[in-house]
Amino acid sequence: MAESERLKGLIGVIFIISDGIRGHINQSRGAAHFLSLITGCDVHELEVRPDFLIENVKLNWTRKPLYPVERFCIMKMSAKRLAGQDKHGIFRWLRRAGGEPLLKEVREVLDRLKENKAAPKWEATLDQSDFYEGKSEAITTASTPNALFLSAGSLPAPYCLALARLCGGKCITIMTPSALGIEPFDFAIVPDHDFPKASKKVLVTLGAPNFVTAERIKEESQKN
């Protein structure tokens, strides 16, 4: 009982960063569901859609006409440098990769949570000039309600990492994202068949996390 009470409130909110792929969503929801049961936190889902990214990716440094797939691949590969970037660099990448709307959604959720808990409002700014004038601390120094960002697969992984770093939260990857690997993340959930290296931050699973519970099995069995 004491251990259960200690874990309550350990995580304030979980953000699932999804690519819309059913298998990935089920894994993310499965992990988030059980973390929510243990800690009592809220869960919110944000979707990174490939069609949205292709339309919104900004490559201002090249004048060469690029096919949508080329633009997307370039931004995905540029994410490999995220781990070594400061907050300015991460924010620039997120803007160019079409992820600023995700950051705004996260900000709105965090603001609502803080208002509900009578905490100081998160007064972060998303104005581009602030980041180029050395004011990026505005987005990271205000305390967040122990936000945890979680993603499954390679597409949403860099967005998960970027949002966590900009918002002062922690991030989890499920499986091993191709461009980033698991090293930049705070935690990783990796199936045994991927042969992950032993690490204190890696949870090795026999199979994929899932959203199957005893309650859901019972509900489905009672359907005609």
# chains A, B, ... in the order shown; residues from 1 in each chain; ligands from 1

$ residues_around --residues "A:Met77" --least-positions-apart "5" --cutoff "12 Å" --atoms "only C-alpha atoms" --output "list in words"
Glu70, Arg71, Phe72, Leu82, Trp93, Ala97, Ser154, Leu155, Ala157, Pro158, Pro177, Ser178, Ala179, Leu180 and Gly181 of chain A

$ residues_around --residues "A:Leu148" --least-positions-apart "6" --cutoff "12 Å" --atoms "only C-alpha atoms" --output "PyMOL selection string"
chain A and resi 10-17+31-32+35-36+39+41-45+106+110+160-161+163-165+167-173+185-187

$ closest_residue --among "A:Gln222, A:Thr176, A:Ser151, A:Thr213" --to "A:Asp19" --atoms "only C-alpha atoms"
A:Ser151

$ closest_residue --among "A:His24, A:Arg107, A:Pro184, A:Gly30" --to "A:Lys80" --atoms "only C-alpha atoms"
A:Pro184

$ decode --residues "stretch 24-35 of chain A" --atoms "all heavy atoms" --output "PDB file, in the first residue's frame"
ATOM      1  N   HIS A  24       1.663   0.427 -33.726  1.00  0.00           N
ATOM      2  CA  HIS A  24       2.417   1.357 -32.895  1.00  0.00           C
ATOM      3  C   HIS A  24       1.517   2.004 -31.841  1.00  0.00           C
ATOM      4  O   HIS A  24       1.915   2.191 -30.691  1.00  0.00           O
ATOM      5  CB  HIS A  24       3.081   2.431 -33.754  1.00  0.00           C
ATOM      6  CG  HIS A  24       4.142   1.904 -34.662  1.00  0.00           C
ATOM      7  ND1 HIS A  24       4.741   2.675 -35.638  1.00  0.00           N
ATOM      8  CD2 HIS A  24       4.728   0.681 -34.731  1.00  0.00           C
ATOM      9  CE1 HIS A  24       5.645   1.938 -36.274  1.00  0.00           C
ATOM     10  NE2 HIS A  24       5.646   0.734 -35.738  1.00  0.00           N
ATOM     11  N   ILE A  25       0.301   2.369 -32.265  1.00  0.00           N
ATOM     12  CA  ILE A  25      -0.636   2.988 -31.327  1.00  0.00           C
ATOM     13  C   ILE A  25      -0.974   2.028 -30.193  1.00  0.00           C
ATOM     14  O   ILE A  25      -1.001   2.408 -29.015  1.00  0.00           O
ATOM     15  CB  ILE A  25      -1.929   3.413 -32.049  1.00  0.00           C
ATOM     16  CG1 ILE A  25      -1.644   4.540 -33.046  1.00  0.00           C
ATOM     17  CG2 ILE A  25      -2.988   3.864 -31.039  1.00  0.00           C
ATOM     18  CD1 ILE A  25      -2.834   4.902 -33.905  1.00  0.00           C
ATOM     19  N   ASN A  26      -1.214   0.764 -30.527  1.00  0.00           N
ATOM     20  CA  ASN A  26      -1.554  -0.222 -29.502  1.00  0.00           C
ATOM     21  C   ASN A  26      -0.423  -0.406 -28.497  1.00  0.00           C
ATOM     22  O   ASN A  26      -0.666  -0.552 -27.290  1.00  0.00           O
ATOM     23  CB  ASN A  26      -1.896  -1.557 -30.154  1.00  0.00           C
ATOM     24  CG  ASN A  26      -3.259  -1.545 -30.824  1.00  0.00           C
ATOM     25  OD1 ASN A  26      -4.108  -0.720 -30.496  1.00  0.00           O
ATOM     26  ND2 ASN A  26      -3.466  -2.441 -31.778  1.00  0.00           N
ATOM     27  N   GLN A  27       0.812  -0.395 -28.981  1.00  0.00           N
ATOM     28  CA  GLN A  27       1.943  -0.529 -28.065  1.00  0.00           C
ATOM     29  C   GLN A  27       2.042   0.686 -27.143  1.00  0.00           C
ATOM     30  O   GLN A  27       2.250   0.550 -25.931  1.00  0.00           O
ATOM     31  CB  GLN A  27       3.239  -0.694 -28.861  1.00  0.00           C
ATOM     32  CG  GLN A  27       3.337  -2.007 -29.610  1.00  0.00           C
ATOM     33  CD  GLN A  27       4.692  -2.217 -30.242  1.00  0.00           C
ATOM     34  OE1 GLN A  27       5.713  -2.231 -29.563  1.00  0.00           O
ATOM     35  NE2 GLN A  27       4.712  -2.380 -31.555  1.00  0.00           N
ATOM     36  N   SER A  28       1.901   1.869 -27.723  1.00  0.00           N
ATOM     37  CA  SER A  28       1.978   3.094 -26.913  1.00  0.00           C
ATOM     38  C   SER A  28       0.843   3.157 -25.904  1.00  0.00           C
ATOM     39  O   SER A  28       1.048   3.494 -24.732  1.00  0.00           O
ATOM     40  CB  SER A  28       1.933   4.329 -27.824  1.00  0.00           C
ATOM     41  OG  SER A  28       3.048   4.380 -28.681  1.00  0.00           O
ATOM     42  N   ARG A  29      -0.355   2.817 -26.343  1.00  0.00           N
ATOM     43  CA  ARG A  29      -1.503   2.859 -25.431  1.00  0.00           C
ATOM     44  C   ARG A  29      -1.366   1.822 -24.327  1.00  0.00           C
ATOM     45  O   ARG A  29      -1.772   2.067 -23.191  1.00  0.00           O
ATOM     46  CB  ARG A  29      -2.797   2.621 -26.216  1.00  0.00           C
ATOM     47  CG  ARG A  29      -3.224   3.803 -27.076  1.00  0.00           C
ATOM     48  CD  ARG A  29      -4.448   3.484 -27.899  1.00  0.00           C
ATOM     49  NE  ARG A  29      -4.899   4.642 -28.672  1.00  0.00           N
ATOM     50  CZ  ARG A  29      -5.856   4.584 -29.594  1.00  0.00           C
ATOM     51  NH1 ARG A  29      -6.454   3.425 -29.859  1.00  0.00           N
ATOM     52  NH2 ARG A  29      -6.207   5.677 -30.255  1.00  0.00           N
ATOM     53  N   GLY A  30      -0.802   0.678 -24.666  1.00  0.00           N
ATOM     54  CA  GLY A  30      -0.605  -0.348 -23.652  1.00  0.00           C
ATOM     55  C   GLY A  30       0.327   0.119 -22.551  1.00  0.00           C
ATOM     56  O   GLY A  30       0.008   0.018 -21.361  1.00  0.00           O
ATOM     57  N   ALA A  31       1.476   0.673 -22.946  1.00  0.00           N
ATOM     58  CA  ALA A  31       2.434   1.167 -21.949  1.00  0.00           C
ATOM     59  C   ALA A  31       1.837   2.320 -21.148  1.00  0.00           C
ATOM     60  O   ALA A  31       1.955   2.379 -19.921  1.00  0.00           O
ATOM     61  CB  ALA A  31       3.724   1.603 -22.641  1.00  0.00           C
ATOM     62  N   ALA A  32       1.181   3.250 -21.851  1.00  0.00           N
ATOM     63  CA  ALA A  32       0.604   4.416 -21.178  1.00  0.00           C
ATOM     64  C   ALA A  32      -0.525   4.006 -20.228  1.00  0.00           C
ATOM     65  O   ALA A  32      -0.669   4.579 -19.141  1.00  0.00           O
ATOM     66  CB  ALA A  32       0.083   5.414 -22.209  1.00  0.00           C
ATOM     67  N   HIS A  33      -1.310   3.011 -20.625  1.00  0.00           N
ATOM     68  CA  HIS A  33      -2.436   2.568 -19.796  1.00  0.00           C
ATOM     69  C   HIS A  33      -1.964   2.077 -18.432  1.00  0.00           C
ATOM     70  O   HIS A  33      -2.502   2.484 -17.391  1.00  0.00           O
ATOM     71  CB  HIS A  33      -3.190   1.452 -20.521  1.00  0.00           C
ATOM     72  CG  HIS A  33      -4.208   0.760 -19.673  1.00  0.00           C
ATOM     73  ND1 HIS A  33      -5.412   1.338 -19.322  1.00  0.00           N
ATOM     74  CD2 HIS A  33      -4.205  -0.475 -19.082  1.00  0.00           C
ATOM     75  CE1 HIS A  33      -6.099   0.511 -18.567  1.00  0.00           C
ATOM     76  NE2 HIS A  33      -5.399  -0.601 -18.399  1.00  0.00           N
ATOM     77  N   PHE A  34      -0.956   1.223 -18.431  1.00  0.00           N
ATOM     78  CA  PHE A  34      -0.505   0.655 -17.159  1.00  0.00           C
ATOM     79  C   PHE A  34       0.255   1.687 -16.318  1.00  0.00           C
ATOM     80  O   PHE A  34       0.155   1.680 -15.088  1.00  0.00           O
ATOM     81  CB  PHE A  34       0.340  -0.591 -17.422  1.00  0.00           C
ATOM     82  CG  PHE A  34      -0.476  -1.751 -17.902  1.00  0.00           C
ATOM     83  CD1 PHE A  34      -0.459  -2.129 -19.230  1.00  0.00           C
ATOM     84  CD2 PHE A  34      -1.303  -2.442 -17.033  1.00  0.00           C
ATOM     85  CE1 PHE A  34      -1.240  -3.185 -19.686  1.00  0.00           C
ATOM     86  CE2 PHE A  34      -2.090  -3.500 -17.472  1.00  0.00           C
ATOM     87  CZ  PHE A  34      -2.060  -3.872 -18.809  1.00  0.00           C
ATOM     88  N   LEU A  35       0.983   2.588 -16.974  1.00  0.00           N
ATOM     89  CA  LEU A  35       1.630   3.678 -16.230  1.00  0.00           C
ATOM     90  C   LEU A  35       0.578   4.587 -15.601  1.00  0.00           C
ATOM     91  O   LEU A  35       0.746   5.069 -14.479  1.00  0.00           O
ATOM     92  CB  LEU A  35       2.544   4.483 -17.146  1.00  0.00           C
ATOM     93  CG  LEU A  35       3.858   3.807 -17.548  1.00  0.00           C
ATOM     94  CD1 LEU A  35       4.571   4.622 -18.623  1.00  0.00           C
ATOM     95  CD2 LEU A  35       4.769   3.634 -16.335  1.00  0.00           C
TER      96      LEU A  35
END
